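S.K.: One structure coming up, written as structure tokens, with questions to follow.
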Amino acid sequence: MIRRDFSERDIHMALDGELPADERIAYDAWLDANPEMKARSVRFAADRDAMRAALAGVLDETVPARLRNVVLGDAPAKAAALRPRWWLAAAAAVLLAAGGLGGYLAGIGGVGREDQAEDQLAEQAIAAHVIYAAEKRHAVEVPANDKDHLQTWLSDRVGLKLVAPDLTANGFQLIGGRLLPAGEAKAAMLLYEDDKGERISLFVTAESTENAKGTYASAQDGPQAVYWLDKGYGCAVVGSLPREQLAIVAKSAYGQLLAGLAS
């Protein structure tokens with residue numbers, strides 16, 4: 001069990017789902033031993049839920065250019081100087097909320113992000129999805145009717161035990177998969193389709209030293225990626241589904257991938 005000193009920052013990480021899983025037991029014990037911090041955690045959670053409820057009607061709206069300019073420092077100096085600090089803080093809060101509550105990264109023109117490994121994984125996954133999900137005859141290298149070979153081949157090439165998730169309960173059938181470059185490494189891409197022709201893809205690589213998760217979109221109207229980086233591998237589920245639906249499918253896929261890696 002991880003033993004270290006926790007702080008208020010860890011409370012925010014826990015509420016945002018960013019606290020490493022191997023620290024969770026020690027974190028919960030720390031909360032139980034610190035009633036004041038536990039009460040603070042409850043209060044922060046209530047504030048988060050209240051903000052989600054208050055902003056539920058605007059989270060999917062386009063952020064006004066003038067608001068983005070103020071937060072990014074591009075507003076005219078004279079106009080910015082006339083605005084009080086609390087106004088700028090409120091503007092930043094709205095931008096962060098519109099970019100995805102819970103600590104998720106939504107990729108709004110680079111607001112609030114740094115060029116990190118998770119961005120690179122998500123961008124590679126989205127780029128592959130845009131290219132191959134649109135293909136009719138050559139979307140995959142190995143079709144789903146040769147699933148055993150597909151899993152063995154990709155596992156050997158990528159360097160991890162890859163089990164293609166069964167997403168029939170989510171309305172998606174496996175089409176097949178292919179091998180792709182991922183920087184200096186290799187990645188496996190699995191492609192799925194529903195009865196309406198909507199496609200989603202899984203992008204998996206064994207080359208990762210980061211520990212992170214979130215959502216990312218390289219373009220406002222393009223596909224999104226829900227990604228995880230953990231324990232030496234990275235996974236991104238990409239599609240143009242509504243955010244909530246994509247998150248549900250991604251959770252199912254990720255759980256099955258983890259089970260396959262552990263088996």
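For the structure tokens, the naming scheme is as follows: chains receive sequential letters (A, B, ...) according to their order of presentation, residues are indexed from 1 within each chain, and ligands are indexed from 1 in presentation order.
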List as a ChimeraX atom specification the protein and nucleic acid residues near Ala133 (chain A), meaning an atom at most 9 Å away when only C-alpha atoms are counted, but skip any in the same chain fewer than 6 places from it.
M.R.: /A:139,191-192,198-201
S.K.: Write out the residues from the selection above, keeping N, CA and C atoms, as a short mmCIF file (atom, residue, chain, number, x, y, z; two decimals), in the first residue's frame.
M.R.:
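In the end it all went to selection.cif:
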```
data_model
loop_
_atom_site.label_atom_id
_atom_site.label_comp_id
_atom_site.auth_asym_id
_atom_site.auth_seq_id
_atom_site.Cartn_x
_atom_site.Cartn_y
_atom_site.Cartn_z
N ALA A 139 -10.75 -1.08 -44.34
CA ALA A 139 -10.69 -0.49 -43.00
C ALA A 139 -9.80 -1.30 -42.07
N LEU A 191 -11.56 -2.09 -34.77
CA LEU A 191 -12.66 -1.28 -35.30
C LEU A 191 -14.00 -1.99 -35.08
N TYR A 192 -14.99 -1.23 -34.63
CA TYR A 192 -16.33 -1.75 -34.34
C TYR A 192 -17.38 -0.93 -35.09
N GLU A 198 -22.46 3.36 -37.62
CA GLU A 198 -21.58 4.21 -36.79
C GLU A 198 -20.41 3.37 -36.32
N ARG A 199 -19.21 3.92 -36.43
CA ARG A 199 -18.02 3.17 -36.07
C ARG A 199 -17.26 3.80 -34.90
N ILE A 200 -16.70 2.95 -34.08
CA ILE A 200 -15.79 3.38 -33.02
C ILE A 200 -14.53 2.54 -33.14
N SER A 201 -13.44 3.01 -32.58
CA SER A 201 -12.18 2.27 -32.65
C SER A 201 -11.47 2.27 -31.31
#
```
S.K.: If we count only C-alpha atoms and set the cut-off at 10 Å, which residues sit around Glu141 (chain A), ignoring sequence neighbours fewer than 5 positions away in its own chain? Please answer as a PyMOL selection string.
M.R.: chain A and resi 150+176-179+189
S.K.: If you count only C-alpha atoms, which residues fall within 10 Å of Leu15 (chain A), apart from same-chain ones fewer than 4 positions away, as a PyMOL selection string?
M.R.: chain A and resi 10-11+19+41-42+44-45+48+102-103
S.K.: So which one's closest to Leu246 (chain A), A:Asn170, A:Ser263, A:Asn34, A:Ser7? Using only C-alpha atoms, please.
M.R.: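 Closest to Leu246 (chain A), using only C-alpha atoms: A:Asn170.
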S.K.: Would you please extract all helix (DSSP H, G or I) residues from region 119-196 of chain A, as assigned by DSSP on the backbone, and give them as a ChimeraX atom specification?
M.R.: /A:119-132,144-158,168-170
S.K.: For region 20-27 of chain A, work out the shell of residues within 12 Å, counting only C-alpha atoms and skipping chain neighbours fewer than 3 positions away, then give it as a ChimeraX atom specification.
M.R.: /A:1-17,30-34,37-38,41,210-213,228-231
S.K.: For CA of Leu257 (chain A) and CA of His149 (chain A), quote the distance in Å rounded to one decimal.
M.R.: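 Computing the Euclidean distance for CA of Leu257 (chain A) and CA of His149 (chain A) yields 17.0 Å.
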S.K.: By how many Å are CA of Asp195 (chain A) and CA of Lys136 (chain A) apart?
M.R.: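 So the answer is 14.8 Å.
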